[in-house]
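K.L.:
Pasting a structure here, questions to come.
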Amino acid sequence: MKRRILLVEDEQDIAELVALHLDDLCDEVVIASDGYEGMRLAKFQDWSLIILDLRLPGPDGLEICRSVRRERAYQPILMLTSKSAELDRVLGLETGADDYLTKPFSVLELVARVRAIFRRVENMQRAPKAEQQAPTTIDTGSMTIDPARREVKLNGQFVELTAREFDLLEHFARHPGHVFRRADLLDKVWGYGHEGYEHTVNSHINRLRAKIERNPSKPEMIVTVWGVGYKFSGSHVSNSRPHSL
């Protein structure tokens with residue numbers, strides 16, 4: 001399949017520079033210069049990746065991201081945010097962005113992030129053969145994780161997770177008791193290891209705990225191993241397949 005990137009960016013110089021550097025990674029880069037055009041293209045065409053500036057004339061990046069996640073099949077989204085706007089980054093991730101990059105950013109780092117997203121998506125597309133041998137669901141007793149449907153139930157109730165939160169939880173649950181450093185999680189879940197971005201892991205884990213822990217300030221499932229990283233405390237985790245009909 002052709003790789004098509006939608007870049008929604010109202011600063012023309014930035015948009016042209018980014019498009020130039022992404023040209024080697026894809027077959028086509030389409031630039032939308034405001035939120036109106038970005039919304040129309042994001043909702044009614046298929047993209048290998050959508051890169052969204054947060055601040056746009058018309059609908060902003062958060063609104064476009066919400067609309068895509070609500071109405072379209074999964075498409076990766078990378079959000080560009082202001083360096084000083086921590087709340088905006090949190091909102092972007094909560095809305096369903098897969099990753100974010102703060103302005104001003106290194107174009108080389110942006111290219112590395114895009115490569116990582118493409119690599120992760122292509123691994124997901126190649127997964128069906130492996131999934132024939134892998135367990136279909138992960139059961140921790142109180143929580144059931146269904147990778148095929150990308151659904152999580154906690155005490156029988158569905159839990160809404162962003163795409164990256166789900167990937168993080170699934171990775172932990174598939175390796176109960178294993179201690180992961182932040183750099184390990186960046187490499188395995190995000191698809192890149194970049195010094196200085198460990199805070200990305202911390203913020204995702206904090207939001208994930210808020211959704212699945214009884215008391216997020218005293219987590220029982222995703223436990224901090226001080227001085228090392230995190231582990232999934234799941235000695236009772238079991239893997240199962242649906243019964244054949």
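By convention in this document, the chains of the structure tokens carry letters A, B, ... by their order, each chain's residues are numbered from 1, and ligands are numbered from 1 in the order they are shown.
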Might you pull out every residue within 10 Å of Leu25 of chain A, with only C-alpha atoms counted and same-chain residues fewer than 4 positions away left off, and present them as JSON, numbers by chain?
P.N.:
{"A": [3, 4, 5, 21, 29, 111, 114, 115, 118]}
K.L.:
Selection from above, C-alpha atoms, as an mmCIF file, in the first residue's frame, can you write it?
P.N.:
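Okay, this is what ended up in out.cif:
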```cif
data_model
loop_
_atom_site.group_PDB
_atom_site.id
_atom_site.type_symbol
_atom_site.label_atom_id
_atom_site.label_comp_id
_atom_site.auth_asym_id
_atom_site.auth_seq_id
_atom_site.Cartn_x
_atom_site.Cartn_y
_atom_site.Cartn_z
ATOM 1 C CA ARG A 3 2.244 5.607 2.259
ATOM 2 C CA ARG A 4 0.312 8.892 2.399
ATOM 3 C CA ILE A 5 0.911 11.545 5.050
ATOM 4 C CA HIS A 21 12.243 15.775 4.753
ATOM 5 C CA VAL A 29 2.698 14.359 1.571
ATOM 6 C CA VAL A 111 11.705 11.849 10.753
ATOM 7 C CA VAL A 114 7.622 8.963 11.707
ATOM 8 C CA ARG A 115 9.855 5.986 10.876
ATOM 9 C CA PHE A 118 5.443 3.324 10.274
#
```
K.L.:
Residues of segment 14-230 of chain A classed as strand (DSSP E or B) by DSSP on the backbone are to be reported as a PyMOL selection string.
P.N.:
chain A and resi 28-32+49-53+77-82+99-103+137-139+143-146+151-154+157-158+180+222-225+229-230
K.L.:
What lies within 12 Å of segment 213-218 of chain A using only C-alpha atoms, ignoring chain neighbours under 6 positions off, as a tab-separated table (two decimals) with N, CA and C atoms, in the first residue's frame?
P.N.:
```
chain	number	residue	atom	x	y	z
A	142	SER	N	-9.34	-9.47	37.47
A	142	SER	CA	-10.27	-8.33	37.45
A	142	SER	C	-10.31	-7.65	36.09
A	143	MET	N	-9.31	-7.92	35.25
A	143	MET	CA	-9.21	-7.21	33.97
A	143	MET	C	-8.99	-8.20	32.83
A	154	LEU	N	-12.54	-3.90	32.85
A	154	LEU	CA	-12.11	-3.94	34.24
A	154	LEU	C	-13.34	-4.15	35.10
A	155	ASN	N	-13.37	-5.27	35.82
A	155	ASN	CA	-14.55	-5.64	36.61
A	155	ASN	C	-15.82	-5.61	35.77
A	159	VAL	N	-13.07	-0.07	29.58
A	159	VAL	CA	-12.19	1.05	29.92
A	159	VAL	C	-11.73	1.69	28.62
A	205	ILE	N	2.04	6.39	31.79
A	205	ILE	CA	1.78	5.46	32.89
A	205	ILE	C	0.88	6.11	33.94
A	206	ASN	N	1.09	7.38	34.22
A	206	ASN	CA	0.22	8.07	35.17
A	206	ASN	C	-1.22	8.08	34.71
A	207	ARG	N	-1.44	8.34	33.41
A	207	ARG	CA	-2.81	8.36	32.89
A	207	ARG	C	-3.41	6.97	32.85
A	224	THR	N	5.87	0.77	40.45
A	224	THR	CA	7.18	1.40	40.27
A	224	THR	C	8.24	0.59	41.01
A	232	PHE	N	4.59	-5.02	35.73
A	232	PHE	CA	3.19	-5.38	35.86
A	232	PHE	C	3.09	-6.48	36.89
A	233	SER	N	2.43	-6.19	37.99
A	233	SER	CA	2.31	-7.16	39.07
A	233	SER	C	1.14	-8.06	38.76
```
K.L.:
List every residue of segment 36-233 of chain A that DSSP, applied to the backbone, labels as helix (DSSP H, G or I), and write the result as an NGL selection string.
P.N.:
:A and (36-44 or 61-71 or 86-95 or 107-131 or 163-174 or 182-190 or 198-212)
K.L.:
Report, in Å to a single decimal, how far apart atom CA of Thr136 of chain A and atom CA of His178 of chain A are.
P.N.:
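Spanning atom CA of His178 of chain A to atom CA of Thr136 of chain A is a straight-line distance of 20.7 Å.
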K.L.:
Applying 12 Å and only C-alpha atoms, which residues near Thr95 of chain A remain after dropping the ones on its own chain fewer than 4 positions away? List them as a compact mmCIF listing (two decimals) with C-alpha atoms, in the first residue's frame.
P.N.:
```txt
# COMPACT_ATOMS: atom_id res chain seq x y z
CA LEU A 54 -2.31 21.84 17.77
CA GLY A 61 -5.66 19.80 16.32
CA LEU A 62 -7.53 18.43 19.33
CA GLU A 63 -10.88 18.76 17.57
CA ILE A 64 -9.57 17.08 14.42
CA CYS A 65 -7.99 14.29 16.47
CA ARG A 66 -11.23 13.66 18.37
CA SER A 67 -13.20 13.54 15.13
CA VAL A 68 -10.80 11.08 13.48
CA ARG A 69 -10.80 8.78 16.50
CA ARG A 70 -14.58 8.92 16.80
CA ILE A 77 -1.66 10.62 14.64
CA LEU A 78 1.43 12.63 15.60
CA MET A 79 0.68 15.95 17.27
CA ASP A 88 -2.09 20.69 25.55
CA ARG A 89 0.20 17.66 25.28
CA VAL A 90 -1.80 15.81 27.91
CA LEU A 91 -5.07 16.67 26.17
CA ASP A 99 2.75 10.62 19.95
CA TYR A 100 3.66 14.28 20.21
CA GLU A 160 -11.50 3.69 27.29
CA LEU A 161 -7.80 3.81 26.46
CA THR A 162 -5.90 5.74 23.83
CA ALA A 163 -4.01 3.70 21.23
CA ARG A 164 -0.69 4.15 23.01
CA GLU A 165 -2.15 3.43 26.47
```
K.L.:
Need the shell around Pro59 of chain A: protein/DNA/RNA residues with any atom at most 8 Å away, counting only C-alpha atoms. Skip same-chain ones fewer than 3 positions apart. Format as number ranges by chain?
P.N.:
A: 34-36, 39, 56, 63-64
K.L.:
Give me a file of those residues, with N, CA and C atoms, as a compact mmCIF listing (two decimals), in the first residue's frame.
P.N.:
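File selection-v4.txt, as written:
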```txt
# COMPACT_ATOMS: atom_id res chain seq x y z
N ASP A 34 -4.99 24.95 7.17
CA ASP A 34 -5.85 25.38 8.27
C ASP A 34 -6.69 24.20 8.75
N GLY A 35 -7.41 24.43 9.85
CA GLY A 35 -8.17 23.35 10.45
C GLY A 35 -9.35 22.89 9.62
N TYR A 36 -9.92 23.78 8.84
CA TYR A 36 -11.07 23.41 8.02
C TYR A 36 -10.66 22.38 6.95
N MET A 39 -9.54 19.09 8.66
CA MET A 39 -10.67 18.27 9.09
C MET A 39 -11.27 17.52 7.92
N LEU A 56 -4.40 25.89 15.22
CA LEU A 56 -4.72 26.08 13.81
C LEU A 56 -5.86 27.08 13.65
N GLU A 63 -9.56 19.02 18.15
CA GLU A 63 -10.88 18.76 17.57
C GLU A 63 -10.78 17.79 16.39
N ILE A 64 -9.76 17.98 15.56
CA ILE A 64 -9.57 17.08 14.42
C ILE A 64 -9.25 15.67 14.92
```
K.L.:
What lies within 9 Å of Arg113 of chain A using only C-alpha atoms, ignoring chain neighbours under 3 positions off, as a PyMOL selection string?
P.N.:
chain A and resi 78+99+101+108-110+116-118+190-192
K.L.:
For the atom pair atom CA of Pro219 of chain A and atom CA of Arg149 of chain A, what is the interatomic distance in Å to one decimal place?
P.N.:
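Pair atom CA of Pro219 of chain A / atom CA of Arg149 of chain A returns 25.9 Å.
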K.L.:
Residues at most 8 Å from Asp53 of chain A, counting only C-alpha atoms, excluding those fewer than 2 positions away in the same chain, as JSON, numbers by chain?
P.N.:
{"A": [8, 9, 10, 51, 55, 56, 60, 61, 79, 80, 81]}
K.L.:
Suppose you want the space between atom CA of Gly38 of chain A and atom CA of Ile50 of chain A; what is it in Å?
P.N.:
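According to the coordinates, atom CA of Gly38 of chain A and atom CA of Ile50 of chain A are separated by 9.4 Å.
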